[in-house]
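As structure tokens, the structure follows; a few thoughts come after it.
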Amino acid sequence: MNAIFHIIDKSNWERIAHFNYYYSQIKCKYNLTSNIDITHLVRWQKVNRYKFFPTMLFVIMKAVNQNKEFRMSFNEKGELGYWDKVVPCYTLFHKENKTFTDIWSEYDEDFNIFYHTVIEDIHTYGNITGVVKARPGQPANFCPVSCLPWLSFTNFAQDTYSESRFLFPLIKFGKYFESNGNIQLPISVFVSHAVADGYHTCKLINDIQEIAQKFFA
């Protein structure tokens, strides 16, 4: 996929004051965790014999690609902008030694194309160990997604110890569980406050919820 990078005109950007404040003055990032209802998605996935992870990965990436705030980054010249599309970078767990690697896949709005692309990439790169990046050539327009299938967490927080120009969200989801007859999935989004406020992150999570309910209903 040939993604296009759109440079932001800071002189006309409604968010420039907020970006400067949270990127340069109060260097703030935050984490928001919520449960979403994936009852329809899980039932559909099982009836049609699809694997859960690639299915959920599609839902997340579809939502991310609907929200410009979560496609923002700097280009190689240091110019701020946003990609017209981003691709997933996701982690694969290795049971034999309890380590992980991550790979990336092309994104496609067609579920079947995306699903089979991810399945093929996992088959191709899934047995590579001893490195962090198992698939070379990761493009600049990537969004990290990972799964913690061992725990239905109620919160998730993370941070780094060094300065970073990274603006993409870090998205994690946990083990789904049943509650009052419905299937719930904990999902956590780590966000740079410079590009997204609580409103935008809530919209992203609500979009994930809506896609999970309506796309697979």
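Residue numbering restarts at 1 for every chain of the structure tokens, chains are lettered A, B, ... in their displayed order, and ligands are numbered from 1 as they appear.
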
Task: All residues 8 Å or closer to Leu167 (chain A), only C-alpha atoms, same chain fewer than 2 positions away omitted, as an MDAnalysis selection string - done: chainID A and resid 70 72:73 165 169 191:192 195

Requested write-out: N, CA and C atoms of the selected residues, as an mmCIF file, in the first residue's frame:
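Okay, this is what ended up in result_13.cif:
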```cif
data_model
loop_
_atom_site.group_PDB
_atom_site.id
_atom_site.type_symbol
_atom_site.label_atom_id
_atom_site.label_comp_id
_atom_site.auth_asym_id
_atom_site.auth_seq_id
_atom_site.Cartn_x
_atom_site.Cartn_y
_atom_site.Cartn_z
ATOM 1 N N PHE A 70 -5.017 9.658 15.139
ATOM 2 C CA PHE A 70 -4.215 8.480 15.452
ATOM 3 C C PHE A 70 -3.410 7.981 14.251
ATOM 4 N N MET A 72 -1.109 10.360 12.969
ATOM 5 C CA MET A 72 -0.184 11.488 12.884
ATOM 6 C C MET A 72 1.241 11.081 13.226
ATOM 7 N N SER A 73 2.186 11.739 12.564
ATOM 8 C CA SER A 73 3.607 11.509 12.841
ATOM 9 C C SER A 73 4.416 12.631 12.204
ATOM 10 N N ARG A 165 9.625 11.111 19.679
ATOM 11 C CA ARG A 165 8.780 11.866 18.752
ATOM 12 C C ARG A 165 7.627 11.000 18.239
ATOM 13 N N PRO A 169 -0.725 5.883 18.464
ATOM 14 C CA PRO A 169 -1.181 5.251 19.699
ATOM 15 C C PRO A 169 -0.556 3.871 19.864
ATOM 16 N N VAL A 191 -1.718 7.181 24.509
ATOM 17 C CA VAL A 191 -1.885 8.285 23.578
ATOM 18 C C VAL A 191 -0.923 9.432 23.889
ATOM 19 N N SER A 192 -0.433 10.076 22.848
ATOM 20 C CA SER A 192 0.264 11.343 23.001
ATOM 21 C C SER A 192 -0.782 12.447 23.080
ATOM 22 N N VAL A 195 -1.519 15.138 20.268
ATOM 23 C CA VAL A 195 -2.335 14.932 19.069
ATOM 24 C C VAL A 195 -3.771 14.527 19.371
#
```

- [ ] Would you list the contacts of Lys95 (chain A) as an MDAnalysis selection string, taking every protein, DNA or RNA residue within 12 Å and counting only C-alpha atoms, but skipping same-chain residues closer than 4 positions in sequence?
- [x] chainID A and resid 99:101 126:127 129

Task: Interatomic distance, CA of Glu178 (chain A) to CA of Gln158 (chain A) (Å, one decimal) - done: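 Computing it gives 26.5 Å between the two atoms.
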
Could you write out, as a PDB file with N, CA and C atoms, in the first residue's frame, all the residues of region 60-212 of chain A that DSSP marks as alpha helix (DSSP H)?
```pdb
ATOM      1  N   ILE A  60      -9.752  -3.019  15.061  1.00  0.00           N
ATOM      2  CA  ILE A  60      -8.945  -1.932  15.615  1.00  0.00           C
ATOM      3  C   ILE A  60      -8.383  -1.040  14.508  1.00  0.00           C
ATOM      4  N   MET A  61      -7.823  -1.666  13.480  1.00  0.00           N
ATOM      5  CA  MET A  61      -7.204  -0.879  12.411  1.00  0.00           C
ATOM      6  C   MET A  61      -8.237  -0.124  11.584  1.00  0.00           C
ATOM      7  N   LYS A  62      -9.406  -0.687  11.434  1.00  0.00           N
ATOM      8  CA  LYS A  62     -10.474   0.032  10.729  1.00  0.00           C
ATOM      9  C   LYS A  62     -10.839   1.297  11.495  1.00  0.00           C
ATOM     10  N   ALA A  63     -10.910   1.179  12.820  1.00  0.00           N
ATOM     11  CA  ALA A  63     -11.232   2.344  13.650  1.00  0.00           C
ATOM     12  C   ALA A  63     -10.097   3.371  13.617  1.00  0.00           C
ATOM     13  N   VAL A  64      -8.864   2.912  13.738  1.00  0.00           N
ATOM     14  CA  VAL A  64      -7.719   3.825  13.692  1.00  0.00           C
ATOM     15  C   VAL A  64      -7.709   4.599  12.382  1.00  0.00           C
ATOM     16  N   PHE A 111     -12.280  -6.931   4.615  1.00  0.00           N
ATOM     17  CA  PHE A 111     -11.936  -7.821   5.718  1.00  0.00           C
ATOM     18  C   PHE A 111     -11.249  -9.090   5.249  1.00  0.00           C
ATOM     19  N   ASN A 112     -11.766  -9.728   4.230  1.00  0.00           N
ATOM     20  CA  ASN A 112     -11.201 -11.004   3.792  1.00  0.00           C
ATOM     21  C   ASN A 112      -9.770 -10.845   3.278  1.00  0.00           C
ATOM     22  N   ILE A 113      -9.516  -9.777   2.543  1.00  0.00           N
ATOM     23  CA  ILE A 113      -8.154  -9.539   2.066  1.00  0.00           C
ATOM     24  C   ILE A 113      -7.227  -9.305   3.244  1.00  0.00           C
ATOM     25  N   PHE A 114      -7.644  -8.458   4.175  1.00  0.00           N
ATOM     26  CA  PHE A 114      -6.825  -8.172   5.347  1.00  0.00           C
ATOM     27  C   PHE A 114      -6.584  -9.432   6.168  1.00  0.00           C
ATOM     28  N   TYR A 115      -7.637 -10.184   6.433  1.00  0.00           N
ATOM     29  CA  TYR A 115      -7.523 -11.383   7.257  1.00  0.00           C
ATOM     30  C   TYR A 115      -6.516 -12.366   6.678  1.00  0.00           C
ATOM     31  N   HIS A 116      -6.638 -12.665   5.401  1.00  0.00           N
ATOM     32  CA  HIS A 116      -5.736 -13.646   4.785  1.00  0.00           C
ATOM     33  C   HIS A 116      -4.312 -13.108   4.644  1.00  0.00           C
ATOM     34  N   THR A 117      -4.171 -11.790   4.508  1.00  0.00           N
ATOM     35  CA  THR A 117      -2.834 -11.193   4.509  1.00  0.00           C
ATOM     36  C   THR A 117      -2.146 -11.414   5.842  1.00  0.00           C
ATOM     37  N   VAL A 118      -2.875 -11.171   6.941  1.00  0.00           N
ATOM     38  CA  VAL A 118      -2.316 -11.360   8.280  1.00  0.00           C
ATOM     39  C   VAL A 118      -1.987 -12.830   8.532  1.00  0.00           C
ATOM     40  N   ILE A 119      -2.879 -13.720   8.160  1.00  0.00           N
ATOM     41  CA  ILE A 119      -2.635 -15.161   8.341  1.00  0.00           C
ATOM     42  C   ILE A 119      -1.380 -15.595   7.598  1.00  0.00           C
ATOM     43  N   GLU A 120      -1.219 -15.110   6.377  1.00  0.00           N
ATOM     44  CA  GLU A 120      -0.046 -15.473   5.579  1.00  0.00           C
ATOM     45  C   GLU A 120       1.232 -14.902   6.180  1.00  0.00           C
ATOM     46  N   ASP A 121       1.160 -13.669   6.667  1.00  0.00           N
ATOM     47  CA  ASP A 121       2.345 -13.050   7.269  1.00  0.00           C
ATOM     48  C   ASP A 121       2.744 -13.754   8.561  1.00  0.00           C
ATOM     49  N   ILE A 122       1.771 -14.170   9.356  1.00  0.00           N
ATOM     50  CA  ILE A 122       2.073 -14.915  10.575  1.00  0.00           C
ATOM     51  C   ILE A 122       2.725 -16.248  10.235  1.00  0.00           C
ATOM     52  N   HIS A 123       2.228 -16.896   9.196  1.00  0.00           N
ATOM     53  CA  HIS A 123       2.817 -18.169   8.755  1.00  0.00           C
ATOM     54  C   HIS A 123       4.252 -17.966   8.266  1.00  0.00           C
ATOM     55  N   THR A 124       4.496 -16.864   7.570  1.00  0.00           N
ATOM     56  CA  THR A 124       5.821 -16.599   6.999  1.00  0.00           C
ATOM     57  C   THR A 124       6.844 -16.197   8.055  1.00  0.00           C
ATOM     58  N   TYR A 125       6.443 -15.350   9.002  1.00  0.00           N
ATOM     59  CA  TYR A 125       7.402 -14.767   9.949  1.00  0.00           C
ATOM     60  C   TYR A 125       7.213 -15.233  11.388  1.00  0.00           C
ATOM     61  N   GLY A 198      -8.973  13.548  25.427  1.00  0.00           N
ATOM     62  CA  GLY A 198      -9.874  12.495  25.875  1.00  0.00           C
ATOM     63  C   GLY A 198     -11.023  12.269  24.911  1.00  0.00           C
ATOM     64  N   TYR A 199     -11.540  13.347  24.323  1.00  0.00           N
ATOM     65  CA  TYR A 199     -12.624  13.221  23.352  1.00  0.00           C
ATOM     66  C   TYR A 199     -12.230  12.295  22.204  1.00  0.00           C
ATOM     67  N   HIS A 200     -11.045  12.531  21.640  1.00  0.00           N
ATOM     68  CA  HIS A 200     -10.606  11.757  20.474  1.00  0.00           C
ATOM     69  C   HIS A 200     -10.377  10.294  20.834  1.00  0.00           C
ATOM     70  N   THR A 201      -9.798  10.041  22.020  1.00  0.00           N
ATOM     71  CA  THR A 201      -9.536   8.664  22.417  1.00  0.00           C
ATOM     72  C   THR A 201     -10.834   7.936  22.734  1.00  0.00           C
ATOM     73  N   CYS A 202     -11.780   8.639  23.362  1.00  0.00           N
ATOM     74  CA  CYS A 202     -13.091   8.033  23.595  1.00  0.00           C
ATOM     75  C   CYS A 202     -13.779   7.705  22.275  1.00  0.00           C
ATOM     76  N   LYS A 203     -13.656   8.606  21.306  1.00  0.00           N
ATOM     77  CA  LYS A 203     -14.255   8.340  19.991  1.00  0.00           C
ATOM     78  C   LYS A 203     -13.616   7.122  19.344  1.00  0.00           C
ATOM     79  N   LEU A 204     -12.298   6.992  19.447  1.00  0.00           N
ATOM     80  CA  LEU A 204     -11.624   5.829  18.874  1.00  0.00           C
ATOM     81  C   LEU A 204     -12.159   4.537  19.494  1.00  0.00           C
ATOM     82  N   ILE A 205     -12.238   4.501  20.813  1.00  0.00           N
ATOM     83  CA  ILE A 205     -12.729   3.290  21.481  1.00  0.00           C
ATOM     84  C   ILE A 205     -14.191   3.046  21.144  1.00  0.00           C
ATOM     85  N   ASN A 206     -14.997   4.092  21.083  1.00  0.00           N
ATOM     86  CA  ASN A 206     -16.397   3.929  20.699  1.00  0.00           C
ATOM     87  C   ASN A 206     -16.532   3.455  19.254  1.00  0.00           C
ATOM     88  N   ASP A 207     -15.626   3.909  18.382  1.00  0.00           N
ATOM     89  CA  ASP A 207     -15.639   3.425  16.997  1.00  0.00           C
ATOM     90  C   ASP A 207     -15.290   1.937  16.934  1.00  0.00           C
ATOM     91  N   ILE A 208     -14.311   1.526  17.745  1.00  0.00           N
ATOM     92  CA  ILE A 208     -13.974   0.098  17.818  1.00  0.00           C
ATOM     93  C   ILE A 208     -15.192  -0.701  18.258  1.00  0.00           C
ATOM     94  N   GLN A 209     -15.898  -0.184  19.276  1.00  0.00           N
ATOM     95  CA  GLN A 209     -17.113  -0.836  19.753  1.00  0.00           C
ATOM     96  C   GLN A 209     -18.162  -0.944  18.650  1.00  0.00           C
ATOM     97  N   GLU A 210     -18.395   0.154  17.933  1.00  0.00           N
ATOM     98  CA  GLU A 210     -19.420   0.169  16.897  1.00  0.00           C
ATOM     99  C   GLU A 210     -19.082  -0.792  15.754  1.00  0.00           C
ATOM    100  N   ILE A 211     -17.824  -0.808  15.348  1.00  0.00           N
ATOM    101  CA  ILE A 211     -17.415  -1.715  14.274  1.00  0.00           C
ATOM    102  C   ILE A 211     -17.599  -3.171  14.711  1.00  0.00           C
ATOM    103  N   ALA A 212     -17.202  -3.481  15.948  1.00  0.00           N
ATOM    104  CA  ALA A 212     -17.340  -4.850  16.444  1.00  0.00           C
ATOM    105  C   ALA A 212     -18.802  -5.288  16.479  1.00  0.00           C
TER     106      ALA A 212
END
```

Task: Residue with smallest distance to Gly78 (chain A) - pool A:Val42, A:Ile7, A:Leu32, A:Leu57, counting only C-alpha atoms - done: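 Of all the options, A:Ile7 lies closest to Gly78 (chain A).
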
Open item on the list: Can you tell me which residues surround Phe190 (chain A) at a distance of at most 6 Å, considering only C-alpha atoms, apart from same-chain residues fewer than 5 positions away, and format the answer as a ChimeraX atom specification?
Closed with: /A:30-31,169-170

- [ ] Can you work out which one of A:Val59, A:Ile171, A:Ala3, A:Ala196 has the shortest atom-to-atom distance to Trp83 (chain A), counting only C-alpha atoms?
- [x]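 Residue with the minimum atom-to-atom distance to Trp83 (chain A): A:Ala3.
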
- [ ] Would you kindly return, as a list in words, each protein, DNA or RNA residue with an atom no farther than 8 Å from any atom of region 180-186 of chain A, considering only C-alpha atoms and excluding same-chain residues fewer than 4 positions away?
- [x] Thr33, Ser34, Asn35, Ile36, Asp37, Ile38, Thr39, Val42, Ser152, Phe153, Thr154, Phe173, Gly174, Lys175 and Tyr176 of chain A

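Candidate residues A:Tyr23, A:Tyr82, A:Tyr90, A:Phe166 were compared for distance to Pro54 (chain A), and the nearest is A:Tyr90, using only C-alpha atoms.
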
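CA of Tyr50 (chain A) sits 17.6 Å away from CA of Leu92 (chain A).
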